[in-house]
file start.cif (mmCIF, C-alpha atoms, pLDDT in the B column; chains and numbers go by the auth columns)
data_protein
#
loop_
_atom_site.group_PDB
_atom_site.id
_atom_site.type_symbol
_atom_site.label_atom_id
_atom_site.label_comp_id
_atom_site.label_asym_id
_atom_site.label_seq_id
_atom_site.Cartn_x
_atom_site.Cartn_y
_atom_site.Cartn_z
_atom_site.B_iso_or_equiv
_atom_site.auth_seq_id
_atom_site.auth_asym_id
ATOM 1 C CA MET A 1 -73.433 26.916 71.074 52.00 19 A
ATOM 2 C CA GLY A 2 -75.000 25.027 68.185 65.00 20 A
ATOM 3 C CA ALA A 3 -78.173 25.724 66.287 82.00 21 A
ATOM 4 C CA GLU A 4 -81.565 24.398 67.254 88.00 22 A
ATOM 5 C CA GLN A 5 -82.800 21.153 65.713 92.00 23 A
ATOM 6 C CA ARG A 6 -86.233 20.340 64.292 95.00 24 A
ATOM 7 C CA LEU A 7 -87.371 16.751 64.729 95.00 25 A
ATOM 8 C CA THR A 8 -90.467 15.223 63.138 96.00 26 A
ATOM 9 C CA ALA A 9 -92.457 12.530 64.933 96.00 27 A
ATOM 10 C CA LYS A 10 -93.069 9.211 63.232 95.00 28 A
ATOM 11 C CA ALA A 11 -96.089 6.985 63.872 94.00 29 A
ATOM 12 C CA GLY A 12 -96.292 5.963 67.531 93.00 30 A
ATOM 13 C CA ASP A 13 -93.433 8.181 68.737 95.00 31 A
ATOM 14 C CA LYS A 14 -93.269 9.293 72.330 95.00 32 A
ATOM 15 C CA LEU A 15 -91.259 12.430 73.042 95.00 33 A
ATOM 16 C CA ASP A 16 -88.496 10.665 74.956 94.00 34 A
ATOM 17 C CA LEU A 17 -88.050 8.072 72.189 94.00 35 A
ATOM 18 C CA LEU A 18 -87.945 10.759 69.494 95.00 36 A
ATOM 19 C CA LEU A 19 -85.329 12.754 71.417 94.00 37 A
ATOM 20 C CA TRP A 20 -83.180 9.677 72.031 93.00 38 A
ATOM 21 C CA ARG A 21 -83.393 8.292 68.493 93.00 39 A
ATOM 22 C CA GLU A 22 -82.930 11.516 66.537 92.00 40 A
ATOM 23 C CA ALA A 23 -80.805 13.702 68.818 91.00 41 A
ATOM 24 C CA GLY A 24 -79.206 11.361 71.371 90.00 42 A
ATOM 25 C CA LEU A 25 -80.865 13.234 74.229 92.00 43 A
ATOM 26 C CA GLY A 26 -82.114 11.782 77.502 91.00 44 A
ATOM 27 C CA ILE A 27 -84.582 12.443 80.280 90.00 45 A
ATOM 28 C CA ALA A 28 -82.541 15.399 81.578 90.00 46 A
ATOM 29 C CA ASP A 29 -83.291 17.281 78.344 92.00 47 A
ATOM 30 C CA LEU A 30 -87.089 16.908 78.441 92.00 48 A
ATOM 31 C CA ALA A 31 -87.739 20.079 80.459 93.00 49 A
ATOM 32 C CA ARG A 32 -85.901 22.403 78.078 93.00 50 A
ATOM 33 C CA VAL A 33 -87.532 20.764 75.041 95.00 51 A
ATOM 34 C CA LEU A 34 -90.989 21.150 76.581 96.00 52 A
ATOM 35 C CA ASP A 35 -90.196 24.791 77.440 95.00 53 A
ATOM 36 C CA ALA A 36 -89.267 25.423 73.808 95.00 54 A
ATOM 37 C CA ASN A 37 -92.492 23.799 72.526 96.00 55 A
ATOM 38 C CA PRO A 38 -95.552 25.318 74.231 96.00 56 A
ATOM 39 C CA GLY A 39 -98.545 22.991 73.994 95.00 57 A
ATOM 40 C CA LEU A 40 -96.471 19.898 73.218 95.00 58 A
ATOM 41 C CA ALA A 41 -97.319 18.216 76.524 93.00 59 A
ATOM 42 C CA ALA A 42 -101.033 18.714 75.830 95.00 60 A
ATOM 43 C CA LEU A 43 -100.790 16.456 72.764 95.00 61 A
ATOM 44 C CA GLY A 44 -100.616 13.398 75.006 93.00 62 A
ATOM 45 C CA PRO A 45 -98.043 10.648 75.515 93.00 63 A
ATOM 46 C CA ILE A 46 -97.955 9.591 71.847 96.00 64 A
ATOM 47 C CA LEU A 47 -97.168 12.418 69.458 96.00 65 A
ATOM 48 C CA PRO A 48 -99.369 12.799 66.404 96.00 66 A
ATOM 49 C CA LEU A 49 -97.668 11.771 63.163 96.00 67 A
ATOM 50 C CA GLY A 50 -95.697 14.667 61.683 96.00 68 A
ATOM 51 C CA THR A 51 -95.496 16.719 64.892 96.00 69 A
ATOM 52 C CA VAL A 52 -92.461 19.002 64.683 96.00 70 A
ATOM 53 C CA VAL A 53 -90.446 19.248 67.890 96.00 71 A
ATOM 54 C CA ILE A 54 -87.905 22.032 68.310 96.00 72 A
ATOM 55 C CA VAL A 55 -84.796 21.100 70.279 95.00 73 A
ATOM 56 C CA PRO A 56 -83.083 24.289 71.428 92.00 74 A
ATOM 57 C CA ALA A 57 -79.301 24.495 71.407 85.00 75 A
ATOM 58 C CA SER A 58 -77.755 23.839 74.795 73.00 76 A
ATOM 59 C CA ALA A 59 -74.668 25.302 76.408 59.00 77 A
ATOM 60 C CA ASP A 60 -72.967 21.885 76.334 60.00 78 A
ATOM 61 C CA ALA A 61 -73.853 21.112 72.703 52.00 79 A
ATOM 62 C CA GLY A 62 -70.199 21.069 71.697 50.00 80 A
ATOM 63 C CA THR A 63 -69.152 18.501 74.271 52.00 81 A
ATOM 64 C CA ALA A 64 -69.386 14.780 73.643 53.00 82 A
ATOM 65 C CA ARG A 65 -71.529 12.661 75.938 59.00 83 A
ATOM 66 C CA VAL A 66 -69.817 9.855 77.752 66.00 84 A
ATOM 67 C CA LEU A 67 -72.042 6.992 78.801 69.00 85 A
ATOM 68 C CA PRO A 68 -71.048 4.894 81.793 76.00 86 A
ATOM 69 C CA LEU A 69 -69.461 1.552 81.026 80.00 87 A
ATOM 70 C CA VAL A 70 -71.768 -1.361 81.791 83.00 88 A
ATOM 71 C CA GLN A 71 -70.163 -4.736 82.392 84.00 89 A
ATOM 72 C CA LEU A 72 -72.381 -7.799 82.398 86.00 90 A
ATOM 73 C CA TRP A 73 -69.883 -9.931 84.257 85.00 91 A
ATOM 74 C CA SER A 74 -67.286 -8.766 86.720 65.00 92 A
#

call {"tool": "encode", "arguments": {"input": "start.cif", "output": "structure tokens"}}
result
Amino acid sequence: MGAEQRLTAKAGDKLDLLLWREAGLGIADLARVLDANPGLAALGPILPLGTVVIVPASADAGTARVLPLVQLWS
């Protein structure tokens, strides 16, 4: 297991964008991030500038993510 991360919101950031851009996380990770940050959901869809978001370590933190291959033409 890895250590938790601390992400800081930039102007106009939404939680899902911040998680994707800074930590490579997707929609499946939102619940555990919200659980680790009480009151975060109450801030609204756009995070205030400078909001610190704690991303807890996950059990699969050591494994690499494999994204499905997308082919435009087959």

call {"tool": "closest_residue", "arguments": {"input": "start.cif", "among": "A:Ala21, A:Val73, A:Leu67, A:Ala27", "to": "A:Gly42", "atoms": "all atoms listed in the file"}}
result
A:Val73

call {"tool": "atom_distance", "arguments": {"input": "start.cif", "atom1": "atom CA of A:Ala29", "atom2": "atom CA of A:Leu61"}}
result
13.8 Å

call {"tool": "closest_residue", "arguments": {"input": "start.cif", "among": "A:Leu35, A:Ala46, A:Leu58, A:Ala75", "to": "A:Gln23", "atoms": "only C-alpha atoms"}}
result
A:Ala75

call {"tool": "resolve_selection", "arguments": {"input": "start.cif", "expression": "the PyMOL selection byres ((chain A and resi 40) around 12)", "output": "list in words"}}
result
Gln23, Arg24, Leu25, Thr26, Ala27, Lys28, Asp31, Leu33, Asp34, Leu35, Leu36, Leu37, Trp38, Arg39, Ala41, Gly42, Leu43, Gly44, Val71, Ile72 and Val73 of chain A

call {"tool": "atom_distance", "arguments": {"input": "start.cif", "atom1": "atom CA of A:Ala49", "atom2": "atom CA of A:Leu65"}}
result
16.4 Å

call {"tool": "atom_distance", "arguments": {"input": "start.cif", "atom1": "atom CA of A:Pro74", "atom2": "atom CA of A:Gly30"}}
result
22.9 Å

call {"tool": "closest_residue", "arguments": {"input": "start.cif", "among": "A:Pro63, A:Ile45, A:Gly57, A:Val51", "to": "A:Ser76", "atoms": "all atoms listed in the file"}}
result
A:Val51
